[in-house]
Amino acid sequence: MDSLHATNSAAPPIVSLRNIVKRYQRGAQPVPVLSGISFDIAAGEFLALMGPSGSGKSTLLNLIAGIDQPNSGQLIVAGTDIGILNERDLADWRAANIGFIFQFYNLMPVLSALENVELPLLLTSLSGKERRSRAEYALSIVGLADRVEHFPSELSGGQQQRVAIARALVVDPTLIVADEPTGDLDRESAADVLALLRRLNEEMGKTIIMVTHDSRAASHAHAIMHLDKGELHAKEFNSPDAVKL
Amino acid sequence: MHFFKLILRNAFRHKLRMALTLLGLVVAILAFGLLSTVVDAWYAGVEGASTARVITRNANSMVFPMPLTYAQKIRQVDGVRSVAASNWFGGIYKEPKNFFPQFAVDVAYLDMFPEFVINDAEKKAFLRDRQGAVVGRKLAERYGFKLGDTIVLKGTIYPGDWEFVVRAIFDGKDAKTDLSQFMFHWEYLNETMKRTAPRRANQVGLYIIELSNPSLAATISREIDAEFKNSQAETLTETEKAFQLGFVSMIEAVVVAIRVVSFLVIFIILAVMVNTMTMTARERASEYATLKALGFGPRFIATLIFGESLLIACIGGTIGIALTFPCAYVLGKVFGTIFRTFNVSATTVAMQVACVLLVGIVSAFFPSLSAARVKIVDGLRSIG
């Protein structure tokens, strides 16, 4: 259990879960998904969550990201007990703290790359000029400065995922959550995306939690946590040389 | 700007679907406008009625005439300024399908209708010529009548071939004036009847009465009818508006049916729009869930859907309303002189606008409610 808690005792963990329980209702029958999960994630950590299908890893990610709520337990993310927030406050909290990367990119097809990246900034008080400038910078970080006016349909899968990463990055979030970010990409694009995530973690100090079923993808992370049937098992730490292309 | 971009671009995302939905809206709003205009045309006589005139007819039926001697007695009733005899002629111009209203009228008749704008010289020419006729501009243009033309009408109620000379062409003071009328001298009709059918002479179809004080219409009407109570031809005197409404009530079932159809058309397009917006919202469930995940609230999502629905409705509605005018013009030409006027009224346009807004708002209601309420995790899992 100790191995599942933050190793850096100087700074508080960025994510702290205590006895998290999550059930779904299938008709009259409650289906347990997470059974008393407890662990910490340190700031600046790049953590991969792995497990078989139905293990609860995506559910766990959704809880941490604030797009679902536990049935019981305490969930503190970025200093806020998000389990007690109402819908409106949770939405505001997400906008300020979480950057999302989805398996299927989830870009708005009718907006250009720049406009997609600007989207989260609409919830801030930045002017149009400032929003545009930040979005352009985010796109330059992911190597798409020359694709700002392209629409998602004009971009490859890998490029679309990089736009999604730029969108996740643009609000300077406390935490980036990625649900199978390479699940819909070919090997080369997947490698590019994973290398980018690693760069964000190492150069910009972003805390990243990534759900994946791909051990190659997981090897890019600092640590891997295994879930099975809603329970956490061992946390293993990757060596710096463990990154495989 | 993003918000409006999202609405505008989403609305045009599926071009074929958008085109077909717009086409349905255009047709529905256009049909509603034209059907309402048909109903208005039937009520045009009512709308154009003067409060300063009342009409006296045989209480049993308009088919039965009244004696000419009634005119003098009516003139003596307090509040009556002027009395004019009028008989429906009902003749045929060349062939039965060339229908237009024809009246034999007293010389005082034209002065009672200030809405008829007649050139002084032409009026004098008409008054001088016992066989003269005054025709409305719309009628003149339809059949090419010009000043000095001889028009032959084949009598049906008054048998024989009747010749008239066009001495005046009148215009209307406003759009509601009936410019399809053909009027000639009552004396010409009566003198001919005296020669050819004496028993039918000195018989009047309607008395048109001009009042000195329109607010006394009810009182004066009662007094006129009291004058002829228990006589051979009892009278019924009513305001011009009530008289015109009497005609409309004869075909009330048709008017009601047309109104029902016009609203049914709107109901149908509403159902189509509801289906379109429901499908659209379902397809975009994952996009709305993504927006929610990013921090946008349910109200933002709902407003996107409402905005798109209203945009589509307004585009289709605007085209439909704009097309109503030229289509009504063409339809008016086709109807010819069946309706006294065939104009798209401001009320019709206002109702069209109201229908457009209703369709836009109602069709977005349930889809936006559903999209706003859907859980983020459920929305992200959906496949559009």
# chains A, B, ... in the order shown; residues from 1 in each chain; ligands from 1
>>> residues_around(residues="Leu35 (chain B)", least_positions_apart="5", cutoff="8 Å", atoms="only C-alpha atoms", output="PyMOL selection string")
chain B and resi 258-259+262
>>> interface_residues(of="chain A", to="chain B", cutoff="8 Å", atoms="only C-alpha atoms", output="list in words")
Asn62, Ile67, Asp68, Arg88, Ala91, Asp92, Trp93, Arg94, Ala95, Ile98, Gly99, Phe100, Asn106, Leu107, Met108, Val110, Leu111, Glu115, Leu119, Pro120 and Leu123 of chain A
>>> write_last_selection(atoms="N, CA and C atoms", output="PDB file, in the first residue's frame")
ATOM      1  N   ASN A  62     -11.955   8.985 -15.091  1.00  0.00           N
ATOM      2  CA  ASN A  62     -13.089   9.913 -15.152  1.00  0.00           C
ATOM      3  C   ASN A  62     -13.337  10.553 -13.787  1.00  0.00           C
ATOM      4  N   ILE A  67     -15.269  14.209 -14.283  1.00  0.00           N
ATOM      5  CA  ILE A  67     -16.423  14.093 -15.182  1.00  0.00           C
ATOM      6  C   ILE A  67     -17.360  12.974 -14.721  1.00  0.00           C
ATOM      7  N   ASP A  68     -17.053  12.400 -13.577  1.00  0.00           N
ATOM      8  CA  ASP A  68     -17.938  11.443 -12.928  1.00  0.00           C
ATOM      9  C   ASP A  68     -17.694  11.597 -11.439  1.00  0.00           C
ATOM     10  N   ARG A  88     -22.052  22.772 -11.340  1.00  0.00           N
ATOM     11  CA  ARG A  88     -21.545  24.050 -11.853  1.00  0.00           C
ATOM     12  C   ARG A  88     -20.104  24.285 -11.392  1.00  0.00           C
ATOM     13  N   ALA A  91     -17.680  21.911 -13.063  1.00  0.00           N
ATOM     14  CA  ALA A  91     -17.382  22.325 -14.439  1.00  0.00           C
ATOM     15  C   ALA A  91     -16.327  23.437 -14.434  1.00  0.00           C
ATOM     16  N   ASP A  92     -16.503  24.391 -13.555  1.00  0.00           N
ATOM     17  CA  ASP A  92     -15.534  25.498 -13.452  1.00  0.00           C
ATOM     18  C   ASP A  92     -14.165  24.966 -13.030  1.00  0.00           C
ATOM     19  N   TRP A  93     -14.186  24.022 -12.097  1.00  0.00           N
ATOM     20  CA  TRP A  93     -12.932  23.438 -11.617  1.00  0.00           C
ATOM     21  C   TRP A  93     -12.212  22.705 -12.740  1.00  0.00           C
ATOM     22  N   ARG A  94     -12.967  21.926 -13.507  1.00  0.00           N
ATOM     23  CA  ARG A  94     -12.380  21.195 -14.641  1.00  0.00           C
ATOM     24  C   ARG A  94     -11.749  22.167 -15.626  1.00  0.00           C
ATOM     25  N   ALA A  95     -12.472  23.222 -15.937  1.00  0.00           N
ATOM     26  CA  ALA A  95     -11.987  24.191 -16.927  1.00  0.00           C
ATOM     27  C   ALA A  95     -10.638  24.773 -16.510  1.00  0.00           C
ATOM     28  N   ILE A  98      -8.015  20.823 -15.472  1.00  0.00           N
ATOM     29  CA  ILE A  98      -7.840  19.561 -16.204  1.00  0.00           C
ATOM     30  C   ILE A  98      -7.687  19.798 -17.712  1.00  0.00           C
ATOM     31  N   GLY A  99      -6.708  19.099 -18.280  1.00  0.00           N
ATOM     32  CA  GLY A  99      -6.585  19.076 -19.742  1.00  0.00           C
ATOM     33  C   GLY A  99      -6.950  17.666 -20.198  1.00  0.00           C
ATOM     34  N   PHE A 100      -7.860  17.554 -21.149  1.00  0.00           N
ATOM     35  CA  PHE A 100      -8.350  16.247 -21.586  1.00  0.00           C
ATOM     36  C   PHE A 100      -7.734  15.823 -22.913  1.00  0.00           C
ATOM     37  N   ASN A 106     -11.857  13.850 -30.191  1.00  0.00           N
ATOM     38  CA  ASN A 106     -13.023  14.663 -29.806  1.00  0.00           C
ATOM     39  C   ASN A 106     -12.838  16.151 -30.109  1.00  0.00           C
ATOM     40  N   LEU A 107     -12.351  16.405 -31.314  1.00  0.00           N
ATOM     41  CA  LEU A 107     -12.279  17.795 -31.766  1.00  0.00           C
ATOM     42  C   LEU A 107     -13.625  18.192 -32.359  1.00  0.00           C
ATOM     43  N   MET A 108     -13.904  19.476 -32.385  1.00  0.00           N
ATOM     44  CA  MET A 108     -15.128  19.969 -33.038  1.00  0.00           C
ATOM     45  C   MET A 108     -14.843  19.988 -34.542  1.00  0.00           C
ATOM     46  N   VAL A 110     -16.249  21.287 -37.014  1.00  0.00           N
ATOM     47  CA  VAL A 110     -16.534  22.512 -37.771  1.00  0.00           C
ATOM     48  C   VAL A 110     -15.622  23.671 -37.374  1.00  0.00           C
ATOM     49  N   LEU A 111     -14.713  23.405 -36.440  1.00  0.00           N
ATOM     50  CA  LEU A 111     -13.760  24.451 -36.051  1.00  0.00           C
ATOM     51  C   LEU A 111     -12.372  24.073 -36.557  1.00  0.00           C
ATOM     52  N   GLU A 115      -9.114  27.213 -33.717  1.00  0.00           N
ATOM     53  CA  GLU A 115     -10.373  27.457 -33.018  1.00  0.00           C
ATOM     54  C   GLU A 115     -10.660  26.361 -31.995  1.00  0.00           C
ATOM     55  N   LEU A 119     -10.926  26.883 -27.765  1.00  0.00           N
ATOM     56  CA  LEU A 119     -12.205  26.601 -27.078  1.00  0.00           C
ATOM     57  C   LEU A 119     -12.156  26.721 -25.553  1.00  0.00           C
ATOM     58  N   PRO A 120     -11.213  26.026 -24.882  1.00  0.00           N
ATOM     59  CA  PRO A 120     -11.227  26.110 -23.402  1.00  0.00           C
ATOM     60  C   PRO A 120     -10.989  27.539 -22.907  1.00  0.00           C
ATOM     61  N   LEU A 123     -13.715  30.143 -21.731  1.00  0.00           N
ATOM     62  CA  LEU A 123     -14.225  30.167 -20.365  1.00  0.00           C
ATOM     63  C   LEU A 123     -13.376  31.054 -19.450  1.00  0.00           C
TER      64      LEU A 123
END
>>> closest_atom_pairs(of="region 163-200 of chain A", to="region 216-237 of chain A", cutoff="12 Å", atoms="only C-alpha atoms", output="CSV")
residue,atom,partner,partner_atom,distance
A:Ala178,CA,A:Ala217,CA,11.5
A:Asp179,CA,A:Ala217,CA,11.7
A:Glu180,CA,A:Ala217,CA,9.1
A:Pro181,CA,A:Ala217,CA,9.1
A:Thr182,CA,A:Ala217,CA,7.7
A:Gly183,CA,A:Ala217,CA,9.6
A:Leu185,CA,A:Ala217,CA,11.6
A:Arg187,CA,A:Arg216,CA,10.1
A:Glu188,CA,A:Ala217,CA,11.9
A:Ser189,CA,A:Ala217,CA,11.7
A:Ala190,CA,A:Ala217,CA,8.0
A:Ala191,CA,A:Ala217,CA,8.0
A:Asp192,CA,A:Ala217,CA,10.9
A:Val193,CA,A:Ala217,CA,9.6
A:Leu194,CA,A:Ala217,CA,6.8
A:Ala195,CA,A:His220,CA,7.7
A:Leu196,CA,A:His220,CA,10.3
A:Leu197,CA,A:His220,CA,8.6
A:Arg198,CA,A:His220,CA,6.7
A:Arg199,CA,A:His220,CA,10.3
A:Leu200,CA,A:Ala221,CA,11.7
>>> write_last_selection(atoms="C-alpha atoms", output="tab-separated table (two decimals), in the first residue's frame")
chain	number	residue	atom	x	y	z
A	178	ALA	CA	-5.38	10.95	-21.38
A	179	ASP	CA	-7.74	8.08	-22.08
A	180	GLU	CA	-6.11	5.70	-24.58
A	181	PRO	CA	-4.46	8.59	-26.46
A	182	THR	CA	-2.78	6.26	-28.95
A	183	GLY	CA	-5.65	3.79	-29.25
A	185	LEU	CA	-3.24	5.78	-34.10
A	187	ARG	CA	2.55	2.99	-34.63
A	188	GLU	CA	4.48	5.98	-35.91
A	189	SER	CA	1.84	8.53	-34.92
A	190	ALA	CA	1.49	6.82	-31.55
A	191	ALA	CA	5.21	7.15	-30.96
A	192	ASP	CA	5.08	10.87	-31.84
A	193	VAL	CA	2.20	11.47	-29.45
A	194	LEU	CA	3.84	9.56	-26.62
A	195	ALA	CA	7.10	11.39	-27.15
A	196	LEU	CA	5.20	14.66	-26.98
A	197	LEU	CA	3.49	13.67	-23.74
A	198	ARG	CA	6.82	12.73	-22.27
A	199	ARG	CA	8.24	16.09	-23.32
A	200	LEU	CA	5.33	17.90	-21.68
>>> select_by_dssp(residues="region 161-310 of chain B", states="helix (DSSP H, G or I)", output="PyMOL selection string")
chain B and resi 186-196+198-200+214-227+240-250+252-283+285-294+298-310
>>> residues_around(residues="Ala11 (chain A)", least_positions_apart="6", cutoff="12 Å", atoms="only C-alpha atoms", output="PyMOL selection string")
chain A and resi 40-44+78-79
>>> atom_distance(atom1="CA of Tyr93 (chain B)", atom2="CA of Gly155 (chain B)")
9.2 Å
>>> residues_around(residues="Arg162 (chain A)", least_positions_apart="3", cutoff="7 Å", atoms="only C-alpha atoms", output="NGL selection string")
:A and (142 or 158-159 or 165-166 or 193)
>>> atom_distance(atom1="CA of Phe89 (chain B)", atom2="CA of Tyr70 (chain B)")
20.2 Å
